[in-house]
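File shown: upload-v5.pdb (PDB, C-alpha atoms, pLDDT in the B column).
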ATOM      1  CA  MET A   1      97.543 104.422  77.421  1.00 51.00           C
ATOM      2  CA  SER A   2      99.288 101.377  78.839  1.00 56.00           C
ATOM      3  CA  LYS A   3     100.708 101.477  82.309  1.00 60.00           C
ATOM      4  CA  PRO A   4     104.532 101.616  82.337  1.00 58.00           C
ATOM      5  CA  ALA A   5     106.212  98.402  83.417  1.00 59.00           C
ATOM      6  CA  SER A   6     107.508  98.301  86.969  1.00 65.00           C
ATOM      7  CA  PRO A   7     111.287  98.467  87.200  1.00 69.00           C
ATOM      8  CA  LYS A   8     112.980  95.122  87.735  1.00 73.00           C
ATOM      9  CA  PRO A   9     114.294  94.577  91.278  1.00 77.00           C
ATOM     10  CA  THR A  10     118.022  94.920  91.749  1.00 80.00           C
ATOM     11  CA  ALA A  11     118.212  93.705  95.355  1.00 90.00           C
ATOM     12  CA  PRO A  12     116.873  90.540  97.042  1.00 94.00           C
ATOM     13  CA  TYR A  13     113.104  90.505  97.418  1.00 96.00           C
ATOM     14  CA  ILE A  14     110.284  88.135  98.373  1.00 97.00           C
ATOM     15  CA  ARG A  15     107.778  86.700  95.921  1.00 97.00           C
ATOM     16  CA  ARG A  16     105.426  83.738  95.638  1.00 98.00           C
ATOM     17  CA  ALA A  17     107.054  80.387  94.985  1.00 98.00           C
ATOM     18  CA  THR A  18     106.325  78.908  91.551  1.00 98.00           C
ATOM     19  CA  LEU A  19     106.702  75.544  89.867  1.00 97.00           C
ATOM     20  CA  ALA A  20     109.776  76.859  88.073  1.00 97.00           C
ATOM     21  CA  ASP A  21     111.479  77.265  91.464  1.00 97.00           C
ATOM     22  CA  SER A  22     111.423  73.517  92.104  1.00 98.00           C
ATOM     23  CA  PRO A  23     115.137  72.862  91.298  1.00 97.00           C
ATOM     24  CA  ALA A  24     116.221  75.769  93.502  1.00 97.00           C
ATOM     25  CA  LEU A  25     114.033  74.566  96.369  1.00 98.00           C
ATOM     26  CA  SER A  26     115.634  71.134  96.058  1.00 98.00           C
ATOM     27  CA  TYR A  27     119.140  72.581  96.253  1.00 98.00           C
ATOM     28  CA  ILE A  28     118.375  74.844  99.224  1.00 98.00           C
ATOM     29  CA  CYS A  29     116.851  71.912 101.081  1.00 97.00           C
ATOM     30  CA  LEU A  30     120.010  69.843 100.491  1.00 97.00           C
ATOM     31  CA  ALA A  31     122.287  72.758 101.422  1.00 96.00           C
ATOM     32  CA  THR A  32     120.588  73.103 104.815  1.00 95.00           C
ATOM     33  CA  ALA A  33     119.446  69.522 105.536  1.00 93.00           C
ATOM     34  CA  ASP A  34     122.051  68.644 108.172  1.00 89.00           C
ATOM     35  CA  ALA A  35     120.550  70.555 111.114  1.00 84.00           C
ATOM     36  CA  GLY A  36     120.859  73.795 109.164  1.00 88.00           C
ATOM     37  CA  LYS A  37     124.185  72.928 107.544  1.00 90.00           C
ATOM     38  CA  SER A  38     124.926  71.505 104.111  1.00 93.00           C
ATOM     39  CA  ALA A  39     124.200  67.824 103.592  1.00 94.00           C
ATOM     40  CA  GLU A  40     125.751  67.741 100.124  1.00 94.00           C
ATOM     41  CA  GLY A  41     128.584  65.505 101.325  1.00 94.00           C
ATOM     42  CA  ASN A  42     126.127  63.088 102.895  1.00 95.00           C
ATOM     43  CA  HIS A  43     124.377  62.110  99.658  1.00 96.00           C
ATOM     44  CA  SER A  44     125.154  60.634  96.281  1.00 94.00           C
ATOM     45  CA  CYS A  45     121.504  61.284  95.331  1.00 95.00           C
ATOM     46  CA  GLY A  46     121.211  64.917  96.330  1.00 95.00           C
ATOM     47  CA  GLU A  47     117.593  65.316  95.258  1.00 97.00           C
ATOM     48  CA  LEU A  48     116.292  63.077  98.043  1.00 97.00           C
ATOM     49  CA  PRO A  49     115.813  65.633 100.879  1.00 96.00           C
ATOM     50  CA  GLY A  50     114.016  68.073  98.608  1.00 97.00           C
ATOM     51  CA  LEU A  51     111.721  65.371  97.265  1.00 96.00           C
ATOM     52  CA  MET A  52     110.250  65.017 100.719  1.00 94.00           C
ATOM     53  CA  PHE A  53     110.483  68.450 102.288  1.00 95.00           C
ATOM     54  CA  ALA A  54     110.564  71.134  99.579  1.00 97.00           C
ATOM     55  CA  GLU A  55     109.496  70.413  96.003  1.00 98.00           C
ATOM     56  CA  PRO A  56     106.033  68.963  96.746  1.00 98.00           C
ATOM     57  CA  TYR A  57     104.853  72.355  98.012  1.00 98.00           C
ATOM     58  CA  VAL A  58     104.995  73.835  94.508  1.00 98.00           C
ATOM     59  CA  HIS A  59     103.660  70.710  92.790  1.00 98.00           C
ATOM     60  CA  LEU A  60     100.649  69.766  94.927  1.00 98.00           C
ATOM     61  CA  LEU A  61      97.432  71.785  94.904  1.00 97.00           C
ATOM     62  CA  GLU A  62      97.370  72.235  98.676  1.00 97.00           C
ATOM     63  CA  GLY A  63     100.918  73.617  98.804  1.00 98.00           C
ATOM     64  CA  PHE A  64     102.176  77.171  98.492  1.00 98.00           C
ATOM     65  CA  GLY A  65     105.044  79.296  99.668  1.00 98.00           C
ATOM     66  CA  PHE A  66     107.295  82.297  99.284  1.00 98.00           C
ATOM     67  CA  VAL A  67     110.922  82.622  98.233  1.00 98.00           C
ATOM     68  CA  VAL A  68     113.715  85.139  98.567  1.00 98.00           C
ATOM     69  CA  ALA A  69     114.987  85.881  95.071  1.00 96.00           C
ATOM     70  CA  ASP A  70     118.281  87.655  94.428  1.00 95.00           C
ATOM     71  CA  PRO A  71     118.454  89.316  90.992  1.00 91.00           C
ATOM     72  CA  SER A  72     122.018  90.532  91.495  1.00 84.00           C
ATOM     73  CA  LYS A  73     123.618  87.183  90.597  1.00 70.00           C
ATOM     74  CA  GLY A  74     123.497  87.631  86.845  1.00 67.00           C
ATOM     75  CA  ASP A  75     120.990  87.669  84.008  1.00 70.00           C
ATOM     76  CA  THR A  76     118.560  85.467  85.924  1.00 79.00           C
ATOM     77  CA  GLU A  77     117.614  85.788  89.561  1.00 89.00           C
ATOM     78  CA  GLU A  78     118.702  83.178  92.089  1.00 94.00           C
ATOM     79  CA  VAL A  79     116.309  81.765  94.677  1.00 97.00           C
ATOM     80  CA  VAL A  80     118.205  81.745  97.991  1.00 97.00           C
ATOM     81  CA  GLY A  81     115.564  80.903 100.606  1.00 98.00           C
ATOM     82  CA  TYR A  82     112.018  79.718 101.047  1.00 98.00           C
ATOM     83  CA  CYS A  83     109.138  79.279 103.430  1.00 98.00           C
ATOM     84  CA  LEU A  84     106.746  76.578 102.221  1.00 98.00           C
ATOM     85  CA  SER A  85     103.383  75.688 103.682  1.00 98.00           C
ATOM     86  CA  THR A  86     100.040  73.971 103.300  1.00 98.00           C
ATOM     87  CA  TRP A  87      96.705  75.040 104.727  1.00 98.00           C
ATOM     88  CA  ASP A  88      95.465  71.415 104.781  1.00 98.00           C
ATOM     89  CA  THR A  89      98.064  68.953 106.024  1.00 97.00           C
ATOM     90  CA  LYS A  90      95.812  65.891 105.661  1.00 96.00           C
ATOM     91  CA  ALA A  91      94.992  66.693 102.025  1.00 96.00           C
ATOM     92  CA  PHE A  92      98.655  67.429 101.389  1.00 97.00           C
ATOM     93  CA  GLU A  93      99.580  64.020 102.802  1.00 96.00           C
ATOM     94  CA  ARG A  94      97.064  62.359 100.479  1.00 95.00           C
ATOM     95  CA  GLY A  95      98.557  64.203  97.523  1.00 96.00           C
ATOM     96  CA  MET A  96     102.030  63.068  98.519  1.00 96.00           C
ATOM     97  CA  LEU A  97     100.897  59.466  98.718  1.00 95.00           C
ATOM     98  CA  GLU A  98      98.698  59.360  95.626  1.00 96.00           C
ATOM     99  CA  THR A  99     100.491  61.537  93.075  1.00 96.00           C
ATOM    100  CA  TRP A 100     103.905  62.754  94.204  1.00 97.00           C
ATOM    101  CA  LEU A 101     105.677  59.738  95.677  1.00 97.00           C
ATOM    102  CA  PRO A 102     104.760  56.831  93.353  1.00 97.00           C
ATOM    103  CA  PRO A 103     107.294  57.669  90.595  1.00 97.00           C
ATOM    104  CA  TYR A 104     110.052  58.189  93.180  1.00 97.00           C
ATOM    105  CA  ARG A 105     109.236  54.907  94.879  1.00 96.00           C
ATOM    106  CA  GLU A 106     109.838  53.330  91.487  1.00 95.00           C
ATOM    107  CA  LYS A 107     113.038  55.311  90.894  1.00 95.00           C
ATOM    108  CA  TYR A 108     114.360  54.504  94.381  1.00 95.00           C
ATOM    109  CA  PRO A 109     113.178  50.955  95.224  1.00 94.00           C
ATOM    110  CA  LEU A 110     113.344  49.926  98.839  1.00 92.00           C
ATOM    111  CA  ALA A 111     115.467  46.935  97.796  1.00 91.00           C
ATOM    112  CA  ALA A 112     118.295  49.376  97.098  1.00 90.00           C
ATOM    113  CA  THR A 113     118.636  50.045 100.820  1.00 90.00           C
ATOM    114  CA  ARG A 114     119.465  46.373 101.363  1.00 88.00           C
ATOM    115  CA  GLY A 115     122.447  46.399  99.011  1.00 76.00           C
ATOM    116  CA  GLU A 116     120.802  44.238  96.353  1.00 73.00           C
ATOM    117  CA  GLU A 117     122.468  44.320  92.937  1.00 72.00           C
ATOM    118  CA  THR A 118     121.026  46.782  90.461  1.00 72.00           C
ATOM    119  CA  GLU A 119     121.699  47.974  86.930  1.00 72.00           C
ATOM    120  CA  ALA A 120     120.564  51.501  87.806  1.00 84.00           C
ATOM    121  CA  GLU A 121     123.673  53.648  87.987  1.00 86.00           C
ATOM    122  CA  HIS A 122     122.155  56.169  90.418  1.00 89.00           C
ATOM    123  CA  LEU A 123     121.658  53.376  92.969  1.00 90.00           C
ATOM    124  CA  ARG A 124     125.175  51.969  92.962  1.00 86.00           C
ATOM    125  CA  ASN A 125     126.864  54.241  95.492  1.00 89.00           C
ATOM    126  CA  LEU A 126     124.139  54.997  97.981  1.00 93.00           C
ATOM    127  CA  THR A 127     125.206  56.555 101.257  1.00 94.00           C
ATOM    128  CA  SER A 128     123.606  55.811 104.606  1.00 95.00           C
ATOM    129  CA  GLU A 129     121.679  59.094 104.325  1.00 95.00           C
ATOM    130  CA  ASP A 130     120.460  58.165 100.833  1.00 95.00           C
ATOM    131  CA  LYS A 131     119.161  54.889 102.229  1.00 95.00           C
ATOM    132  CA  ARG A 132     117.490  56.665 105.126  1.00 94.00           C
ATOM    133  CA  TYR A 133     115.613  58.983 102.782  1.00 95.00           C
ATOM    134  CA  ILE A 134     114.631  56.120 100.473  1.00 95.00           C
ATOM    135  CA  THR A 135     113.155  54.399 103.508  1.00 94.00           C
ATOM    136  CA  ILE A 136     111.273  57.616 104.348  1.00 93.00           C
ATOM    137  CA  ILE A 137     109.851  57.698 100.810  1.00 94.00           C
ATOM    138  CA  HIS A 138     108.545  54.154 101.188  1.00 94.00           C
ATOM    139  CA  THR A 139     107.243  54.456 104.743  1.00 92.00           C
ATOM    140  CA  TYR A 140     105.319  57.685 104.088  1.00 89.00           C
ATOM    141  CA  PRO A 141     102.747  58.597 105.180  1.00 80.00           C
ATOM    142  CA  TRP A 142     103.914  58.915 108.739  1.00 76.00           C
ATOM    143  CA  PRO A 143     100.975  61.232 109.284  1.00 76.00           C
ATOM    144  CA  ALA A 144     101.113  64.403 111.298  1.00 88.00           C
ATOM    145  CA  SER A 145     100.238  63.732 114.916  1.00 91.00           C
ATOM    146  CA  ASP A 146      96.712  64.237 116.183  1.00 93.00           C
ATOM    147  CA  VAL A 147      98.125  66.783 118.622  1.00 94.00           C
ATOM    148  CA  ALA A 148      99.619  68.911 115.845  1.00 95.00           C
ATOM    149  CA  LEU A 149      96.512  68.648 113.666  1.00 96.00           C
ATOM    150  CA  ALA A 150      94.276  69.578 116.575  1.00 96.00           C
ATOM    151  CA  PHE A 151      96.375  72.724 116.964  1.00 97.00           C
ATOM    152  CA  SER A 152      96.241  73.624 113.264  1.00 97.00           C
ATOM    153  CA  PRO A 153      95.629  72.059 109.834  1.00 97.00           C
ATOM    154  CA  ALA A 154      98.514  74.177 108.516  1.00 98.00           C
ATOM    155  CA  HIS A 155     102.248  73.494 108.755  1.00 98.00           C
ATOM    156  CA  MET A 156     105.367  75.059 107.237  1.00 97.00           C
ATOM    157  CA  HIS A 157     109.043  74.519 106.390  1.00 96.00           C
ATOM    158  CA  ILE A 158     111.663  77.252 106.081  1.00 97.00           C
ATOM    159  CA  ASP A 159     115.257  77.142 104.830  1.00 97.00           C
ATOM    160  CA  ILE A 160     117.632  79.924 103.785  1.00 97.00           C
ATOM    161  CA  LEU A 161     121.120  79.632 102.337  1.00 96.00           C
ATOM    162  CA  PRO A 162     123.802  80.568 104.911  1.00 94.00           C
ATOM    163  CA  ALA A 163     124.936  83.709 103.071  1.00 94.00           C
ATOM    164  CA  TYR A 164     121.431  85.167 103.457  1.00 95.00           C
ATOM    165  CA  GLN A 165     120.775  84.170 107.052  1.00 93.00           C
ATOM    166  CA  ARG A 166     120.668  86.650 109.941  1.00 93.00           C
ATOM    167  CA  GLN A 167     119.441  89.408 107.630  1.00 95.00           C
ATOM    168  CA  GLY A 168     115.765  89.358 108.549  1.00 96.00           C
ATOM    169  CA  TRP A 169     114.612  87.190 105.649  1.00 97.00           C
ATOM    170  CA  GLY A 170     113.371  84.369 107.861  1.00 97.00           C
ATOM    171  CA  LYS A 171     110.979  86.601 109.760  1.00 97.00           C
ATOM    172  CA  LYS A 172     109.785  88.233 106.546  1.00 98.00           C
ATOM    173  CA  LEU A 173     109.151  84.886 104.850  1.00 98.00           C
ATOM    174  CA  ILE A 174     107.198  83.485 107.796  1.00 98.00           C
ATOM    175  CA  GLY A 175     105.260  86.738 107.970  1.00 98.00           C
ATOM    176  CA  GLU A 176     104.121  86.260 104.365  1.00 98.00           C
ATOM    177  CA  VAL A 177     102.952  82.730 105.150  1.00 98.00           C
ATOM    178  CA  VAL A 178     101.140  83.896 108.298  1.00 98.00           C
ATOM    179  CA  ARG A 179      99.348  86.649 106.394  1.00 98.00           C
ATOM    180  CA  SER A 180      98.410  84.277 103.579  1.00 98.00           C
ATOM    181  CA  LEU A 181      96.981  81.641 105.929  1.00 98.00           C
ATOM    182  CA  ARG A 182      95.140  84.286 107.929  1.00 98.00           C
ATOM    183  CA  ASP A 183      93.804  86.482 105.134  1.00 97.00           C
ATOM    184  CA  GLU A 184      93.221  83.902 102.394  1.00 97.00           C
ATOM    185  CA  LYS A 185      92.314  80.804 104.418  1.00 97.00           C
ATOM    186  CA  GLY A 186      90.921  82.254 107.636  1.00 98.00           C
ATOM    187  CA  LEU A 187      93.348  80.340 109.867  1.00 98.00           C
ATOM    188  CA  ASP A 188      94.887  81.609 113.097  1.00 98.00           C
ATOM    189  CA  THR A 189      97.536  78.963 113.857  1.00 98.00           C
ATOM    190  CA  LEU A 190     100.254  76.875 112.233  1.00 98.00           C
ATOM    191  CA  TRP A 191     102.939  74.441 113.358  1.00 97.00           C
ATOM    192  CA  LEU A 192     106.317  73.174 112.230  1.00 96.00           C
ATOM    193  CA  GLY A 193     108.610  70.254 112.912  1.00 93.00           C
ATOM    194  CA  LEU A 194     112.289  70.893 113.481  1.00 90.00           C
ATOM    195  CA  ASP A 195     115.530  69.011 113.905  1.00 87.00           C
ATOM    196  CA  PRO A 196     116.136  68.915 117.677  1.00 86.00           C
ATOM    197  CA  ARG A 197     119.867  69.350 116.991  1.00 87.00           C
ATOM    198  CA  ASN A 198     119.256  72.792 115.503  1.00 88.00           C
ATOM    199  CA  LEU A 199     119.121  74.802 118.713  1.00 89.00           C
ATOM    200  CA  GLU A 200     119.616  78.137 116.958  1.00 91.00           C
ATOM    201  CA  ALA A 201     116.526  77.528 114.837  1.00 91.00           C
ATOM    202  CA  LYS A 202     114.491  76.769 117.943  1.00 92.00           C
ATOM    203  CA  LYS A 203     115.605  80.043 119.548  1.00 94.00           C
ATOM    204  CA  PHE A 204     114.719  81.902 116.357  1.00 94.00           C
ATOM    205  CA  TYR A 205     111.200  80.482 116.287  1.00 96.00           C
ATOM    206  CA  ALA A 206     110.696  81.228 119.969  1.00 95.00           C
ATOM    207  CA  ARG A 207     111.603  84.889 119.399  1.00 95.00           C
ATOM    208  CA  LEU A 208     108.850  85.086 116.777  1.00 96.00           C
ATOM    209  CA  GLY A 209     106.175  83.704 119.085  1.00 96.00           C
ATOM    210  CA  PHE A 210     106.345  79.953 118.443  1.00 97.00           C
ATOM    211  CA  LYS A 211     105.948  77.739 121.495  1.00 96.00           C
ATOM    212  CA  ASP A 212     106.926  74.135 122.189  1.00 94.00           C
ATOM    213  CA  MET A 213     104.299  71.441 121.836  1.00 93.00           C
ATOM    214  CA  PRO A 214     105.759  68.883 124.259  1.00 88.00           C
ATOM    215  CA  GLU A 215     102.694  66.662 124.024  1.00 90.00           C
ATOM    216  CA  ALA A 216     103.327  66.155 120.275  1.00 87.00           C
ATOM    217  CA  PRO A 217     105.763  63.401 119.247  1.00 85.00           C
ATOM    218  CA  GLY A 218     109.059  64.693 117.904  1.00 83.00           C
ATOM    219  CA  ALA A 219     110.225  68.290 118.013  1.00 90.00           C
ATOM    220  CA  VAL A 220     107.203  70.435 117.149  1.00 94.00           C
ATOM    221  CA  MET A 221     106.488  74.112 117.735  1.00 96.00           C
ATOM    222  CA  GLY A 222     103.214  75.938 117.202  1.00 97.00           C
ATOM    223  CA  LEU A 223     102.339  79.546 116.512  1.00 98.00           C
ATOM    224  CA  ARG A 224      99.105  81.326 117.385  1.00 98.00           C
ATOM    225  CA  PHE A 225      98.909  84.278 115.045  1.00 97.00           C
ATOM    226  CA  GLU A 226      97.934  86.532 117.927  1.00 97.00           C
ATOM    227  CA  ASP A 227     101.437  85.815 119.309  1.00 96.00           C
ATOM    228  CA  TRP A 228     103.226  86.585 116.024  1.00 94.00           C
ATOM    229  CA  LYS A 229     106.032  89.087 116.608  1.00 81.00           C
ATOM    230  CA  ASP A 230     105.550  91.143 113.459  1.00 76.00           C
TER     231      ASP A 230
END
Using structure tokens, write down the structure that the file contains.
Amino acid sequence: MSKPASPKPTAPYIRRATLADSPALSYICLATADAGKSAEGNHSCGELPGLMFAEPYVHLLEGFGFVVADPSKGDTEEVVGYCLSTWDTKAFERGMLETWLPPYREKYPLAATRGEETEAEHLRNLTSEDKRYITIIHTYPWPASDVALAFSPAHMHIDILPAYQRQGWGKKLIGEVVRSLRDEKGLDTLWLGLDPRNLEAKKFYARLGFKDMPEAPGAVMGLRFEDWKD
């Protein structure tokens, strides 16, 4: 006798991120890319932030993550937040360089940032933020610092749409990543980079047990899993 199917969720819930989530991850990244606020008005090419900081985690072998999915939005559920990670930052960087970025370097040539004439319609009205991200695409890898890698081979990114913030989803998402890295990969630390303008995010991470890594370049915080405030 077959086991009865589990009832479909009717409220937001957390599940593993999948390749099919890629467009949603891209949108969430754009909608939170300006120090936690929407950057939609800053771009004519809105896919650019997600190409660097969200979508690769469901396309590359060393990436994984979890999403908050809300099934109450209609016939199909809506992904409204994510926490994305890799257990091997160096391998992830190689994957970015060798397989993920080449087609986007072709789609967004560095010459476009210099205002050179082009027949490509998507390059005709580039904003300053578009040009900044195109430069990032072409200057990658800017590898993770030795300080961060010495602390942990694993890093993460988290973003949640504003309507779903301050409801506990951030802590739950990070908790899933912590458990996955600990139980599946045997790790006991991870780190993240953050926009130094986003002071509320820094306070949030500190409440969960993350600590500053002042010796690392940029704004970086690290978490020892023994300090995780579960």
Pull the neighbourhood of (118.3, 86.7, 103.5) for me: all residues within 6 Å in file coordinates, counting only C-alpha atoms, as a tab-separated table (two decimals) with C-alpha atoms, in the coordinates of the input.
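File result_8.tsv, as written:
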chain	number	residue	atom	x	y	z
A	164	TYR	CA	121.43	85.17	103.46
A	165	GLN	CA	120.78	84.17	107.05
A	167	GLN	CA	119.44	89.41	107.63
A	169	TRP	CA	114.61	87.19	105.65
(message) As a check of understanding, name the residues that the PyMOL selection byres ((chain A and resi 126) around 9) selects in the supplied structure, as number ranges by chain.
(response) A: 43-45, 112-113, 115, 122-125, 127-131
(request) Could you tell me which residues the PyMOL selection byres ((chain A and resi 152) around 9) returns for this structure, as number ranges by chain? (result) A: 87-89, 147-151, 153-155, 187-191, 222
(request) Show which residues sit within 8 Å of Gly209 in chain A, as a PyMOL selection string. Count all atoms listed in the file, and ignore same-chain residues fewer than 4 positions away. (result) chain A and resi 205+223-224+227-229
(request) Just give me the residues with any atom within 12 Å of (108.0, 63.5, 120.3), file coordinates, counting only C-alpha atoms, written as a ChimeraX atom specification. (result) /A:144-145,147-148,193-196,212-221
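For the structure in this document, the set picked by the PyMOL selection byres ((chain A and resi 175) around 10) is Phe66, Cys83, Trp169, Gly170, Lys171, Lys172, Leu173, Ile174, Glu176, Val177, Val178, Arg179, Ser180, Leu181, Leu208, Phe225, Trp228, Lys229 and Asp230 of chain A.
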(message) Counting all atoms listed in the file, which residue out of A:Gly95, A:Pro102, A:Gly36, A:Pro9 sits closest to Thr76 in chain A?
(response)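 Of A:Gly95, A:Pro102, A:Gly36, A:Pro9, the one nearest Thr76 in chain A is A:Pro9, counting all atoms listed in the file.
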Take range 154-173 of chain A, bring it up to N, CA and C atoms, and give me the output as a CSV table (one decimal), in the frame of the given file.
chain,number,residue,atom,x,y,z
A,154,ALA,N,97.4,73.6,109.3
A,154,ALA,CA,98.5,74.2,108.5
A,154,ALA,C,99.9,73.9,109.1
A,155,HIS,N,100.9,73.6,108.3
A,155,HIS,CA,102.2,73.5,108.8
A,155,HIS,C,103.2,74.2,107.7
A,156,MET,N,104.4,74.4,108.1
A,156,MET,CA,105.4,75.1,107.2
A,156,MET,C,106.8,74.5,107.4
A,157,HIS,N,107.6,74.8,106.4
A,157,HIS,CA,109.0,74.5,106.4
A,157,HIS,C,109.7,75.8,105.9
A,158,ILE,N,110.9,76.1,106.5
A,158,ILE,CA,111.7,77.3,106.1
A,158,ILE,C,113.1,76.9,106.0
A,159,ASP,N,113.8,77.3,105.0
A,159,ASP,CA,115.3,77.1,104.8
A,159,ASP,C,115.8,78.3,104.0
A,160,ILE,N,117.0,78.8,104.4
A,160,ILE,CA,117.6,79.9,103.8
A,160,ILE,C,119.1,79.6,103.7
A,161,LEU,N,119.7,79.9,102.5
A,161,LEU,CA,121.1,79.6,102.3
A,161,LEU,C,121.9,80.5,103.3
A,162,PRO,N,123.0,79.9,103.8
A,162,PRO,CA,123.8,80.6,104.9
A,162,PRO,C,124.2,82.0,104.6
A,163,ALA,N,124.5,82.3,103.4
A,163,ALA,CA,124.9,83.7,103.1
A,163,ALA,C,123.8,84.7,103.2
A,164,TYR,N,122.6,84.3,103.3
A,164,TYR,CA,121.4,85.2,103.5
A,164,TYR,C,120.8,85.1,104.8
A,165,GLN,N,121.3,84.3,105.7
A,165,GLN,CA,120.8,84.2,107.1
A,165,GLN,C,121.2,85.4,107.9
A,166,ARG,N,120.4,85.6,109.0
A,166,ARG,CA,120.7,86.6,109.9
A,166,ARG,C,120.6,88.0,109.3
A,167,GLN,N,119.7,88.1,108.3
A,167,GLN,CA,119.4,89.4,107.6
A,167,GLN,C,118.0,89.8,107.7
A,168,GLY,N,117.2,89.1,108.4
A,168,GLY,CA,115.8,89.4,108.5
A,168,GLY,C,114.9,88.6,107.6
A,169,TRP,N,115.4,87.8,106.7
A,169,TRP,CA,114.6,87.2,105.6
A,169,TRP,C,113.7,86.1,106.2
A,170,GLY,N,114.2,85.4,107.3
A,170,GLY,CA,113.4,84.4,107.9
A,170,GLY,C,112.1,84.9,108.4
A,171,LYS,N,112.2,86.0,109.2
A,171,LYS,CA,111.0,86.6,109.8
A,171,LYS,C,110.0,87.1,108.7
A,172,LYS,N,110.6,87.7,107.6
A,172,LYS,CA,109.8,88.2,106.5
A,172,LYS,C,109.1,87.1,105.8
A,173,LEU,N,109.8,86.0,105.6
A,173,LEU,CA,109.2,84.9,104.8
A,173,LEU,C,108.0,84.3,105.7
